[in-house]
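Student: Next comes the structure file final-v5.txt, holding compact mmCIF, C-alpha atoms.
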```
# COMPACT_ATOMS: atom_id res chain seq x y z
CA MET A 65 0.28 -26.51 -28.31
CA LEU A 66 -2.29 -25.61 -30.94
CA PRO A 67 -3.04 -27.94 -33.86
CA ASP A 68 -2.34 -25.31 -36.52
CA ILE A 69 -0.31 -26.50 -39.48
CA THR A 70 0.48 -23.08 -40.94
CA ALA A 71 0.92 -19.52 -39.69
CA ALA A 72 -2.46 -18.70 -41.27
CA GLY A 73 -4.17 -21.11 -38.91
CA ALA A 74 -2.49 -19.50 -35.92
CA LEU A 75 -3.32 -15.96 -37.10
CA GLN A 76 -7.05 -16.67 -37.24
CA ARG A 77 -6.99 -17.07 -33.44
CA ILE A 78 -5.77 -13.49 -32.88
CA SER A 79 -8.31 -10.80 -32.01
CA GLY A 80 -8.75 -8.19 -34.75
CA VAL A 81 -7.38 -10.49 -37.47
CA THR A 82 -9.63 -12.25 -39.96
CA MET A 83 -8.45 -14.59 -42.65
CA GLN A 84 -9.39 -14.67 -46.31
CA ARG A 85 -9.79 -18.28 -47.40
CA THR A 86 -8.86 -19.96 -50.66
CA SER A 87 -11.68 -20.64 -53.08
CA ASN A 88 -10.78 -24.25 -53.81
CA SER A 89 -9.90 -25.74 -50.39
CA GLY A 90 -11.33 -23.21 -47.92
CA GLU A 91 -8.04 -23.00 -46.00
CA ALA A 92 -6.98 -19.67 -44.43
CA GLN A 93 -4.48 -17.83 -46.62
CA TYR A 94 -4.36 -14.00 -46.37
CA ALA A 95 -4.60 -11.97 -43.16
CA ILE A 96 -6.91 -8.97 -42.91
CA ILE A 97 -6.05 -6.72 -39.96
CA ARG A 98 -8.70 -4.37 -38.54
CA GLY A 99 -10.99 -5.02 -41.51
CA MET A 100 -8.69 -3.33 -44.04
CA ASP A 101 -7.82 -5.05 -47.30
CA LYS A 102 -4.82 -7.39 -47.31
CA ARG A 103 -2.83 -5.04 -49.55
CA TYR A 104 -2.57 -2.54 -46.65
CA ASN A 105 -0.62 -4.96 -44.44
CA TYR A 106 2.97 -6.00 -44.61
CA THR A 107 4.83 -9.03 -43.36
CA LEU A 108 8.12 -9.24 -41.49
CA VAL A 109 10.22 -12.29 -40.67
CA ASN A 110 12.37 -11.64 -37.60
CA GLY A 111 11.84 -7.90 -38.13
CA ILE A 112 12.88 -7.88 -41.81
CA LYS A 113 10.27 -6.99 -44.43
CA ILE A 114 9.81 -9.72 -47.00
CA PRO A 115 8.47 -9.39 -50.54
CA SER A 116 5.51 -11.31 -51.88
CA PRO A 117 6.21 -14.56 -53.74
CA ASP A 118 3.62 -13.43 -56.30
CA ASN A 119 4.88 -10.87 -58.83
CA LYS A 120 1.36 -9.39 -59.33
CA ASN A 121 0.46 -8.72 -55.67
CA ARG A 122 2.45 -7.24 -52.80
CA TYR A 123 0.83 -9.20 -49.97
CA VAL A 124 2.23 -12.43 -48.60
CA PRO A 125 0.10 -15.57 -48.17
CA MET A 126 0.40 -16.83 -44.60
CA ASP A 127 -0.15 -20.46 -45.51
CA ILE A 128 3.42 -20.79 -46.83
CA PHE A 129 4.91 -20.62 -43.32
CA PRO A 130 4.75 -23.85 -41.27
CA SER A 131 3.75 -23.22 -37.66
CA GLU A 132 6.51 -25.58 -36.48
CA LEU A 133 9.10 -22.93 -37.42
CA LEU A 134 7.45 -20.10 -35.45
CA ALA A 135 8.29 -19.07 -31.90
CA ARG A 136 5.58 -16.38 -31.93
CA ILE A 137 3.58 -14.08 -34.18
CA GLU A 138 3.50 -10.37 -33.39
CA VAL A 139 0.62 -8.41 -34.90
CA ILE A 140 0.92 -4.62 -34.92
CA LYS A 141 -2.54 -3.12 -35.45
CA ALA A 142 -1.57 0.57 -35.41
CA LEU A 143 0.71 2.60 -37.63
CA THR A 144 3.69 3.87 -35.62
CA PRO A 145 6.38 6.36 -36.69
CA ASP A 146 9.03 3.66 -37.07
CA MET A 147 6.95 1.74 -39.62
CA GLU A 148 6.83 2.20 -43.37
CA GLY A 149 3.92 4.07 -44.91
CA ASP A 150 2.46 0.99 -46.57
CA ALA A 151 1.40 -0.52 -43.23
CA ILE A 152 -1.86 1.39 -42.95
CA GLY A 153 -3.73 -1.77 -41.95
CA GLY A 154 -0.99 -3.22 -39.77
CA ALA A 155 1.99 -5.53 -39.79
CA MET A 156 2.71 -9.15 -38.91
CA ASN A 157 6.13 -10.11 -37.57
CA LEU A 158 6.81 -13.83 -37.73
CA VAL A 159 9.51 -14.60 -35.16
CA LEU A 160 11.22 -17.89 -35.99
CA LYS A 161 12.53 -20.44 -33.50
CA ASP A 162 16.27 -20.71 -32.97
CA ALA A 163 18.07 -23.62 -34.58
CA PRO A 164 18.59 -26.55 -32.18
CA GLU A 165 22.10 -27.07 -30.83
CA LYS A 166 22.06 -30.80 -31.58
CA LEU A 167 20.32 -33.08 -34.06
CA LEU A 168 16.56 -33.10 -33.61
CA VAL A 169 14.28 -35.57 -35.35
CA LYS A 170 10.54 -35.00 -35.10
CA ALA A 171 7.75 -36.89 -36.83
CA THR A 172 3.99 -36.58 -36.92
CA VAL A 173 1.84 -39.57 -37.79
CA SER A 174 -1.92 -39.68 -38.27
CA MET A 175 -4.30 -42.40 -39.25
CA GLY A 176 -7.97 -42.75 -40.07
CA ILE A 177 -10.44 -45.55 -40.48
CA ILE A 178 -13.38 -45.39 -42.85
CA ASN A 179 -16.32 -47.43 -41.65
CA CYS A 180 -18.69 -48.43 -44.46
```
Just give me the structure as structure tokens.

Tutor:
Amino acid sequence: MLPDITAAGALQRISGVTMQRTSNSGEAQYAIIRGMDKRYNYTLVNGIKIPSPDNKNRYVPMDIFPSELLARIEVIKALTPDMEGDAIGGAMNLVLKDAPEKLLVKATVSMGIINC
């Protein structure tokens, strides 16, 4: 299991995908497939195209998806006939995990010590 917190962290490990980082924290945010600008990609969740949460841009930030919800990430780096015309750069399909059949409680705890 990889230590990625968000889907953006997992995407930066995929060949042919680079991540644009935020200016204030330096965390990965937008995916760039095959070196094309982020506006040429589109994002799917379980095969369904999703709109951007930002009303000024059409690309979706990948840091809004927790990696705990993902079963896998499929990156399509070539435009195929079944895709929409706005996927010139490529597409990312975030396949979510199935809901558990019974109650599942999971916790993550971390701790640090500062030595002065």

Student: In the coordinate frame of the file, compute which residues have an atom within 8 Å of (-4.1, -1.0, -38.0) when using only C-alpha atoms, and state them as a PDB file with C-alpha atoms, in the coordinates of the input.

Tutor:
```pdb
ATOM      1  CA  ILE A  97      -6.050  -6.720 -39.960  1.00  0.00           C
ATOM      2  CA  ARG A  98      -8.700  -4.370 -38.540  1.00  0.00           C
ATOM      3  CA  MET A 100      -8.690  -3.330 -44.040  1.00  0.00           C
ATOM      4  CA  ILE A 140       0.920  -4.620 -34.920  1.00  0.00           C
ATOM      5  CA  LYS A 141      -2.540  -3.120 -35.450  1.00  0.00           C
ATOM      6  CA  ALA A 142      -1.570   0.570 -35.410  1.00  0.00           C
ATOM      7  CA  LEU A 143       0.710   2.600 -37.630  1.00  0.00           C
ATOM      8  CA  ALA A 151       1.400  -0.520 -43.230  1.00  0.00           C
ATOM      9  CA  ILE A 152      -1.860   1.390 -42.950  1.00  0.00           C
ATOM     10  CA  GLY A 153      -3.730  -1.770 -41.950  1.00  0.00           C
ATOM     11  CA  GLY A 154      -0.990  -3.220 -39.770  1.00  0.00           C
ATOM     12  CA  ALA A 155       1.990  -5.530 -39.790  1.00  0.00           C
TER      13      ALA A 155
END
```

Student: Write out as a PyMOL selection string each polymer residue whose atoms come within 7 Å of Asn110 of chain A, counting all atoms listed in the file; drop sequence neighbours fewer than 6 positions from it.

Tutor: chain A and resi 157-160

Student: Hey, can you check how far atom CA of Asn105 of chain A sits from atom CA of Thr70 of chain A?

Tutor: 18.5 Å

Student: List every protein, DNA or RNA residue with an atom no more than 12 Å from (-2.9, -24.6, -51.0) in the file's coordinates, counting all atoms listed in the file, and format the result as a ChimeraX atom specification.

Tutor: /A:69-70,72,85-94,125-129

Student: What does the distance from atom CA of Leu168 of chain A to atom CA of Ala71 of chain A come to in Å, to one decimal?

Tutor: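 Rounded to one decimal, the two atoms are 21.6 Å apart.
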
Student: So what do you get for atom CA of Met175 of chain A versus atom CA of Pro67 of chain A, distance-wise?

Tutor: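 Going from atom CA of Met175 of chain A over to atom CA of Pro67 of chain A, I get 15.5 Å.
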
Student: Please provide the set of residues having any atom within 7 Å of Met156 of chain A, restricted to only C-alpha atoms, with same-chain residues fewer than 2 positions apart removed, written as number ranges by chain.

Tutor: A: 106-108, 137-140, 158

Student: Using all atoms listed in the file, find the one residue out of A:Gly80, A:Asp146, A:Glu165, A:Lys102 that sits nearest to Tyr123 of chain A.

Tutor: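 Closest to Tyr123 of chain A of all the choices is A:Lys102.
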
Student: Hey, which of A:Val173, A:Arg122, A:Gly111, A:Asp162 ends up closest to Leu134 of chain A? Count only C-alpha atoms.

Tutor: A:Asp162

Student: Tell me which of A:Asp101, A:Asp68, A:Met147, A:Asn119 sits closest to Thr82 of chain A, counting all atoms listed in the file.

Tutor: A:Asp101

Student: Find the residue from A:Gly176, A:Pro145, A:Gly99, A:Pro130 that sits nearest to Lys161 of chain A; use all atoms listed in the file when measuring.

Tutor: A:Pro130

Student: Starting from the sparse input, extend segment 73-84 of chain A to all heavy atoms and give the output as a PDB file, in the coordinates of the input.

Tutor:
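rebuild.pdb written:
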```
ATOM      1  N   GLY A  73      -3.305 -20.515 -39.906  1.00  0.00           N
ATOM      2  CA  GLY A  73      -4.170 -21.110 -38.910  1.00  0.00           C
ATOM      3  C   GLY A  73      -3.997 -20.481 -37.534  1.00  0.00           C
ATOM      4  O   GLY A  73      -4.963 -20.287 -36.798  1.00  0.00           O
ATOM      5  N   ALA A  74      -2.763 -20.146 -37.199  1.00  0.00           N
ATOM      6  CA  ALA A  74      -2.490 -19.500 -35.920  1.00  0.00           C
ATOM      7  C   ALA A  74      -2.994 -18.061 -35.907  1.00  0.00           C
ATOM      8  O   ALA A  74      -3.504 -17.581 -34.892  1.00  0.00           O
ATOM      9  CB  ALA A  74      -1.003 -19.538 -35.615  1.00  0.00           C
ATOM     10  N   LEU A  75      -2.885 -17.364 -37.020  1.00  0.00           N
ATOM     11  CA  LEU A  75      -3.320 -15.960 -37.100  1.00  0.00           C
ATOM     12  C   LEU A  75      -4.825 -15.806 -36.927  1.00  0.00           C
ATOM     13  O   LEU A  75      -5.289 -14.798 -36.412  1.00  0.00           O
ATOM     14  CB  LEU A  75      -2.902 -15.348 -38.438  1.00  0.00           C
ATOM     15  CG  LEU A  75      -1.508 -14.758 -38.496  1.00  0.00           C
ATOM     16  CD1 LEU A  75      -1.112 -14.475 -39.933  1.00  0.00           C
ATOM     17  CD2 LEU A  75      -1.417 -13.499 -37.669  1.00  0.00           C
ATOM     18  N   GLN A  76      -5.595 -16.796 -37.350  1.00  0.00           N
ATOM     19  CA  GLN A  76      -7.050 -16.670 -37.240  1.00  0.00           C
ATOM     20  C   GLN A  76      -7.512 -16.703 -35.796  1.00  0.00           C
ATOM     21  O   GLN A  76      -8.643 -16.378 -35.504  1.00  0.00           O
ATOM     22  CB  GLN A  76      -7.746 -17.726 -38.074  1.00  0.00           C
ATOM     23  CG  GLN A  76      -7.579 -19.138 -37.599  1.00  0.00           C
ATOM     24  CD  GLN A  76      -8.160 -20.140 -38.583  1.00  0.00           C
ATOM     25  OE1 GLN A  76      -8.731 -19.782 -39.605  1.00  0.00           O
ATOM     26  NE2 GLN A  76      -8.003 -21.407 -38.266  1.00  0.00           N
ATOM     27  N   ARG A  77      -6.650 -17.055 -34.862  1.00  0.00           N
ATOM     28  CA  ARG A  77      -6.990 -17.070 -33.440  1.00  0.00           C
ATOM     29  C   ARG A  77      -6.735 -15.725 -32.757  1.00  0.00           C
ATOM     30  O   ARG A  77      -7.060 -15.552 -31.594  1.00  0.00           O
ATOM     31  CB  ARG A  77      -6.185 -18.150 -32.723  1.00  0.00           C
ATOM     32  CG  ARG A  77      -6.448 -19.540 -33.242  1.00  0.00           C
ATOM     33  CD  ARG A  77      -5.528 -20.536 -32.546  1.00  0.00           C
ATOM     34  NE  ARG A  77      -5.624 -21.842 -33.138  1.00  0.00           N
ATOM     35  CZ  ARG A  77      -6.570 -22.732 -32.887  1.00  0.00           C
ATOM     36  NH1 ARG A  77      -7.531 -22.421 -32.045  1.00  0.00           N
ATOM     37  NH2 ARG A  77      -6.569 -23.909 -33.469  1.00  0.00           N
ATOM     38  N   ILE A  78      -6.127 -14.781 -33.463  1.00  0.00           N
ATOM     39  CA  ILE A  78      -5.770 -13.490 -32.880  1.00  0.00           C
ATOM     40  C   ILE A  78      -6.920 -12.507 -33.051  1.00  0.00           C
ATOM     41  O   ILE A  78      -7.495 -12.381 -34.130  1.00  0.00           O
ATOM     42  CB  ILE A  78      -4.481 -12.941 -33.525  1.00  0.00           C
ATOM     43  CG1 ILE A  78      -3.325 -13.900 -33.255  1.00  0.00           C
ATOM     44  CG2 ILE A  78      -4.160 -11.552 -33.007  1.00  0.00           C
ATOM     45  CD1 ILE A  78      -2.044 -13.541 -33.965  1.00  0.00           C
ATOM     46  N   SER A  79      -7.236 -11.793 -31.986  1.00  0.00           N
ATOM     47  CA  SER A  79      -8.310 -10.800 -32.010  1.00  0.00           C
ATOM     48  C   SER A  79      -7.973  -9.673 -32.984  1.00  0.00           C
ATOM     49  O   SER A  79      -6.854  -9.167 -33.000  1.00  0.00           O
ATOM     50  CB  SER A  79      -8.492 -10.235 -30.602  1.00  0.00           C
ATOM     51  OG  SER A  79      -9.427  -9.203 -30.610  1.00  0.00           O
ATOM     52  N   GLY A  80      -8.944  -9.274 -33.793  1.00  0.00           N
ATOM     53  CA  GLY A  80      -8.750  -8.190 -34.750  1.00  0.00           C
ATOM     54  C   GLY A  80      -8.185  -8.641 -36.080  1.00  0.00           C
ATOM     55  O   GLY A  80      -7.981  -7.839 -36.981  1.00  0.00           O
ATOM     56  N   VAL A  81      -7.916  -9.946 -36.224  1.00  0.00           N
ATOM     57  CA  VAL A  81      -7.380 -10.490 -37.470  1.00  0.00           C
ATOM     58  C   VAL A  81      -8.391 -11.486 -38.027  1.00  0.00           C
ATOM     59  O   VAL A  81      -8.811 -12.408 -37.331  1.00  0.00           O
ATOM     60  CB  VAL A  81      -6.026 -11.190 -37.255  1.00  0.00           C
ATOM     61  CG1 VAL A  81      -5.510 -11.795 -38.547  1.00  0.00           C
ATOM     62  CG2 VAL A  81      -5.005 -10.228 -36.682  1.00  0.00           C
ATOM     63  N   THR A  82      -8.795 -11.276 -39.269  1.00  0.00           N
ATOM     64  CA  THR A  82      -9.630 -12.250 -39.960  1.00  0.00           C
ATOM     65  C   THR A  82      -8.833 -12.793 -41.131  1.00  0.00           C
ATOM     66  O   THR A  82      -7.902 -12.146 -41.610  1.00  0.00           O
ATOM     67  CB  THR A  82     -10.944 -11.630 -40.463  1.00  0.00           C
ATOM     68  OG1 THR A  82     -10.635 -10.507 -41.291  1.00  0.00           O
ATOM     69  CG2 THR A  82     -11.825 -11.190 -39.322  1.00  0.00           C
ATOM     70  N   MET A  83      -9.205 -13.959 -41.579  1.00  0.00           N
ATOM     71  CA  MET A  83      -8.450 -14.590 -42.650  1.00  0.00           C
ATOM     72  C   MET A  83      -9.319 -14.737 -43.892  1.00  0.00           C
ATOM     73  O   MET A  83     -10.479 -15.120 -43.805  1.00  0.00           O
ATOM     74  CB  MET A  83      -7.969 -15.980 -42.210  1.00  0.00           C
ATOM     75  CG  MET A  83      -7.029 -15.958 -41.016  1.00  0.00           C
ATOM     76  SD  MET A  83      -5.531 -14.989 -41.254  1.00  0.00           S
ATOM     77  CE  MET A  83      -4.708 -15.899 -42.528  1.00  0.00           C
ATOM     78  N   GLN A  84      -8.737 -14.416 -45.038  1.00  0.00           N
ATOM     79  CA  GLN A  84      -9.390 -14.670 -46.310  1.00  0.00           C
ATOM     80  C   GLN A  84      -9.022 -16.096 -46.709  1.00  0.00           C
ATOM     81  O   GLN A  84      -7.859 -16.481 -46.650  1.00  0.00           O
ATOM     82  CB  GLN A  84      -8.921 -13.687 -47.371  1.00  0.00           C
ATOM     83  CG  GLN A  84      -9.576 -13.907 -48.703  1.00  0.00           C
ATOM     84  CD  GLN A  84      -9.116 -12.898 -49.737  1.00  0.00           C
ATOM     85  OE1 GLN A  84      -8.285 -12.043 -49.461  1.00  0.00           O
ATOM     86  NE2 GLN A  84      -9.646 -13.016 -50.931  1.00  0.00           N
TER      87      GLN A  84
END
```
